[in-house]
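The structure appears right after this line, and notes come after that.
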Amino acid sequence: MSARAGLALAIVVAALAVPLVAGQHLLTAFIVALHAAYLALAWNIAAGYAGQFSLGHSLFYGVGAYASTVLYVRAGLTPWAGMFAGAVLAGVIGVALALGVYRYNVRGIFFALVTLGAAEVGRGLVENWDFVKGPAGILLTMQSAPRDFLFLRREPYYYVALAMVLALIAISLGLERSRLGQYFLAVREDEAAAEASGVDTYRAKTIAIGLSAALTAFAGSFYAQFYLYISPDTVLVFEPQLTMMLGTMVGGAGTALGPVLGSVLFSGLGEALRNLPFENTRQVVIGSKLAYAILLIVILIYLPGGLITLGRRRART
Amino acid sequence: MSALLGVHNVSKRFGGLQALSDVTFGVGYREIVGIIGPNGAGKTTLFNVITGVFAPDSGHVELRGMDVTGWAPHRICRLGAARTFQIGKPFAALSVLQTVRIGSLNRVRDMRDATAQALHVLEMVGLADKRDHLGRNLTVIERKRLELARALATGPSLLLLDEVAAGLRPAEIQEMIALVRRIAAGGVSVLIIEHVMEAVMRLSARIVVLNYGEVIAEGTPESLVNDPRVIEAYLGEAYSLA
């Protein structure tokens, strides 16, 4: 076994053992970190590998949250299955959006703006749709119902979040080693050169958005089951998008571990700042935002490839 | 005549500029054809039309007996025409091997086989020892070779080379000429745009001369260097093959 595989195994074992030593409060912090890491990994598939800088991923997050929750509340479908329905729906919406947007050669900053607009449209629709309770949102009952993805303790949520992150790391690594993944990279680097090399860029970009959207939706369903409340103001806002971008850019876009590293660091930082002796919540919020901003600027200036490049630099010398 | 490439009466206009007008010529199997002409004569536009970057306003392009007018570039690449870019477009953040392997995946579906084929192509163009270097760290000649390697890796029947010798030192030009000859000897037809006269004159069996988007002459290198139209439009002075 190589040193790398050994390290990976040690980290996984340590992660599995966390609930044995961590209290409920610390465990919540870990769940938040894993959730952020999952979101970053899902966005990274489109933005990091394929270079499609979507700002509308909150839409897919919201679709996931609403699909599984509405199916559960209205039709009694267990969210364990509902989350897959949400993923399919988000994937279809992502593909439809991509087919339209790429058909007209919308790229770069314009692509980012169109996706941002699409997310706003989604939010507007949900806010005005009584069937999904509009701006009031949907509340789930706190209860122990493992079959319906509801638990009273934190441990099950922790293991689900961990499994999701591990699965997405595996998907990312598999993608890196696949033809499709290589096509994503070619599209990111230079679309004209990719086309000239036989890559169907329209198809590759559409698959990247569809796949990333479907994976993002699972996180939305998880959010709903964990916090037991969703509304346009919680899941169809820019916040999850920010989480995805911070973790990915800080950790290292276009890598399978960078987004995890960045997300865990940011979540940890947020948790640490919360425990600083500030006088009131307002100061905590301002203080942590300031610290985030400074850290982000420092990393983007001195480590444009993200924290993950630190390890690589050492390996090369 | 069953030509590999047939360009028939192709015209292309950009606003007020007639970039190509009524261009007709062909490339046969196992043939090296040169395209020369002054700057702005429409050479690169012609490449862009052949490889599907632009659809022509009129006329059509045939490749391996199929009408490919208006096809997307990746489909034309799949059918068997690959090109290099005049201004190299390396995949800046990818390694040389990764870049060429993306070309290989055009014909070879399995990643491992594609890697093996890419290594073979890198060996051929003399980039094997740079396989782990990133595209952005390559020198000018290395970029030219990488362009060539990526195009070659797609397994083309027709290779379109856009000024692969420009900007190279004399010794490097000789290497490039030898390399193109080796590729052609392997059964690939080559259509070459070149400003370095030595390269195009020595390589091409036949040369097409473009000026203001029109074909003004076509023939063997020997016949063209004495053609007054060509001399006037392009060479400016008699060019000797010696």
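Letters A, B, ... go to the chains of the structure tokens in the order shown; residues in each chain start at 1; ligands are counted from 1 in the same order.
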Counting only C-alpha atoms, which residues from chain B have an atom at most 9 Å from any atom of chain A, and could you show them as a PyMOL selection string? chain B and resi 51-53+72-78+81-85+89-94+98-99+101-107+109-111+150-151+153-154
Within 12 Å of range 198-204 of chain B using only C-alpha atoms, minus same-chain residues under 4 positions, as an NGL selection string: :B and (27 or 30-37 or 161-166 or 168 or 170-185 or 189-194 or 208-209 or 218-225 or 239-242)
Convert the current residue selection to file output with C-alpha atoms, as a compact mmCIF listing (two decimals), in the first residue's frame.
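The resulting file, out-v3.txt, is shown below:
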# COMPACT_ATOMS: atom_id res chain seq x y z
CA VAL B 27 -6.08 17.48 -52.27
CA ARG B 30 -1.07 10.81 -50.02
CA GLU B 31 -0.42 14.27 -51.39
CA ILE B 32 1.28 17.34 -49.86
CA VAL B 33 -0.27 20.57 -51.09
CA GLY B 34 0.93 24.04 -50.14
CA ILE B 35 -1.12 27.23 -49.89
CA ILE B 36 0.77 30.50 -50.21
CA GLY B 37 -0.28 34.07 -50.52
CA LEU B 161 -0.87 22.78 -40.94
CA ASP B 162 -1.13 26.51 -40.41
CA GLU B 163 2.36 28.04 -40.43
CA VAL B 164 4.11 25.41 -38.38
CA ALA B 165 7.53 26.67 -39.52
CA ALA B 166 6.94 30.38 -38.84
CA LEU B 168 11.47 28.83 -36.03
CA PRO B 170 16.83 27.54 -39.55
CA ALA B 171 17.85 24.29 -37.88
CA GLU B 172 14.36 23.91 -36.41
CA ILE B 173 12.82 24.51 -39.83
CA GLN B 174 14.86 21.60 -41.18
CA GLU B 175 13.60 19.42 -38.34
CA MET B 176 10.04 20.48 -39.04
CA ILE B 177 10.37 19.71 -42.76
CA ALA B 178 11.74 16.26 -41.95
CA LEU B 179 8.88 15.69 -39.50
CA VAL B 180 6.16 16.64 -42.01
CA ARG B 181 7.82 14.33 -44.56
CA ARG B 182 7.75 11.48 -42.05
CA ILE B 183 4.07 12.08 -41.34
CA ALA B 184 3.24 12.14 -45.05
CA ALA B 185 5.26 8.99 -45.59
CA SER B 189 -2.18 13.88 -46.82
CA VAL B 190 -0.99 17.32 -45.80
CA LEU B 191 -2.35 20.74 -46.66
CA ILE B 192 0.13 23.33 -45.53
CA ILE B 193 -0.08 27.11 -45.18
CA GLU B 194 3.39 28.49 -44.93
CA VAL B 208 -2.14 26.89 -54.60
CA VAL B 209 -1.56 30.65 -54.63
CA GLU B 218 -1.81 26.58 -59.05
CA GLY B 219 1.01 24.25 -60.02
CA THR B 220 4.29 22.67 -59.06
CA PRO B 221 6.77 24.75 -57.07
CA GLU B 222 9.07 24.89 -60.10
CA SER B 223 6.36 26.26 -62.38
CA LEU B 224 5.19 28.86 -59.86
CA VAL B 225 8.48 30.54 -59.05
CA TYR B 239 12.67 32.80 -56.05
CA SER B 240 15.18 30.16 -56.84
CA LEU B 241 14.91 26.60 -55.64
CA ALA B 242 18.68 26.32 -55.46
What parts of range 102-288 of chain A does DSSP call alpha helix (DSSP H)? I'd like the answer as a PyMOL selection string. chain A and resi 102-103+108-127+155-176+179-189+191-196+201-227+232-235+239-251+258-274+281-288
Long-range neighbours of Ala41 in chain B as a list of chain:residue names, 7 Å cut-off, only C-alpha atoms, 5 positions minimum in chain: B:Leu210, B:Asn211, B:Tyr212, B:Gly213
Which of these residues is nearest to Gly100 in chain A, using only C-alpha atoms: A:Tyr66, A:Tyr202, A:Phe131, A:Tyr38?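 Closest to Gly100 in chain A, using only C-alpha atoms: A:Tyr202.
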Against range 152-162 of chain A, which residues of range 215-296 of chain A fall within 9 Å? For each one I want the closest pair of atoms and the distance in Å (one decimal), counting only C-alpha atoms, rows by chain and increasing residue number, as CSV.
residue,atom,partner,partner_atom,distance
A:Ala219,CA,A:Ala161,CA,8.8
A:Phe222,CA,A:Ala161,CA,7.9
A:Gln225,CA,A:Tyr157,CA,8.7
A:Phe226,CA,A:Tyr157,CA,7.0
Residues at most 12 Å from Thr24 in chain B, counting only C-alpha atoms, excluding those fewer than 4 positions away in the same chain, as a compact mmCIF listing (two decimals) with C-alpha atoms, in the first residue's frame?
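Contents of the output file around_12.txt:
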# COMPACT_ATOMS: atom_id res chain seq x y z
CA LEU B 5 -10.53 16.95 -50.06
CA GLY B 6 -12.55 18.91 -52.59
CA VAL B 7 -13.16 22.64 -52.16
CA HIS B 8 -15.77 23.76 -54.67
CA ASN B 9 -16.50 27.41 -55.48
CA VAL B 10 -16.21 28.45 -51.84
CA SER B 11 -16.90 32.09 -50.96
CA LEU B 20 -12.67 34.06 -50.09
CA LEU B 46 -9.86 28.82 -45.97
CA ILE B 50 -12.56 23.47 -44.43
CA SER B 58 -21.64 29.68 -50.94
CA GLY B 59 -19.91 26.67 -52.41
CA HIS B 60 -19.24 23.42 -50.63
CA VAL B 61 -16.52 21.31 -49.08
CA GLU B 62 -16.16 17.59 -49.66
CA VAL B 208 -2.14 26.89 -54.60
CA VAL B 209 -1.56 30.65 -54.63
CA LEU B 210 -4.20 32.85 -53.02
CA GLY B 213 -9.33 35.55 -51.53
CA GLU B 214 -8.95 34.20 -55.03
CA VAL B 215 -6.88 31.38 -56.44
CA ILE B 216 -4.55 33.17 -58.83
CA ALA B 217 -2.30 30.27 -59.71
CA GLU B 218 -1.81 26.58 -59.05
Out of range 116-234 of chain B, which residues get strand (DSSP E) from DSSP, as a list of chain:residue names? B:Leu158, B:Leu159, B:Leu160, B:Leu161, B:Asp162, B:Ser189, B:Val190, B:Leu191, B:Ile192, B:Ile193, B:Arg206, B:Ile207, B:Val208, B:Val209, B:Leu210, B:Asn211, B:Glu214, B:Val215, B:Ile216, B:Ala217, B:Glu218, B:Gly219
Please, could you write that set of residues out with C-alpha atoms as a CSV table (one decimal), in the first residue's frame?
chain,number,residue,atom,x,y,z
B,158,LEU,CA,-5.8,15.0,-44.0
B,159,LEU,CA,-3.6,17.2,-41.8
B,160,LEU,CA,-3.9,20.9,-42.2
B,161,LEU,CA,-0.9,22.8,-40.9
B,162,ASP,CA,-1.1,26.5,-40.4
B,189,SER,CA,-2.2,13.9,-46.8
B,190,VAL,CA,-1.0,17.3,-45.8
B,191,LEU,CA,-2.4,20.7,-46.7
B,192,ILE,CA,0.1,23.3,-45.5
B,193,ILE,CA,-0.1,27.1,-45.2
B,206,ARG,CA,1.6,21.2,-55.7
B,207,ILE,CA,1.0,24.8,-54.6
B,208,VAL,CA,-2.1,26.9,-54.6
B,209,VAL,CA,-1.6,30.7,-54.6
B,210,LEU,CA,-4.2,32.8,-53.0
B,211,ASN,CA,-4.5,36.6,-53.4
B,214,GLU,CA,-8.9,34.2,-55.0
B,215,VAL,CA,-6.9,31.4,-56.4
B,216,ILE,CA,-4.5,33.2,-58.8
B,217,ALA,CA,-2.3,30.3,-59.7
B,218,GLU,CA,-1.8,26.6,-59.0
B,219,GLY,CA,1.0,24.2,-60.0
Rank B:Pro38, B:Asp227, B:Phe54, B:Lys12 by their smallest atom-to-atom distance to His195 in chain B, using only C-alpha atoms, and report the top residue only.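 Residue with the minimum atom-to-atom distance to His195 in chain B: B:Pro38.
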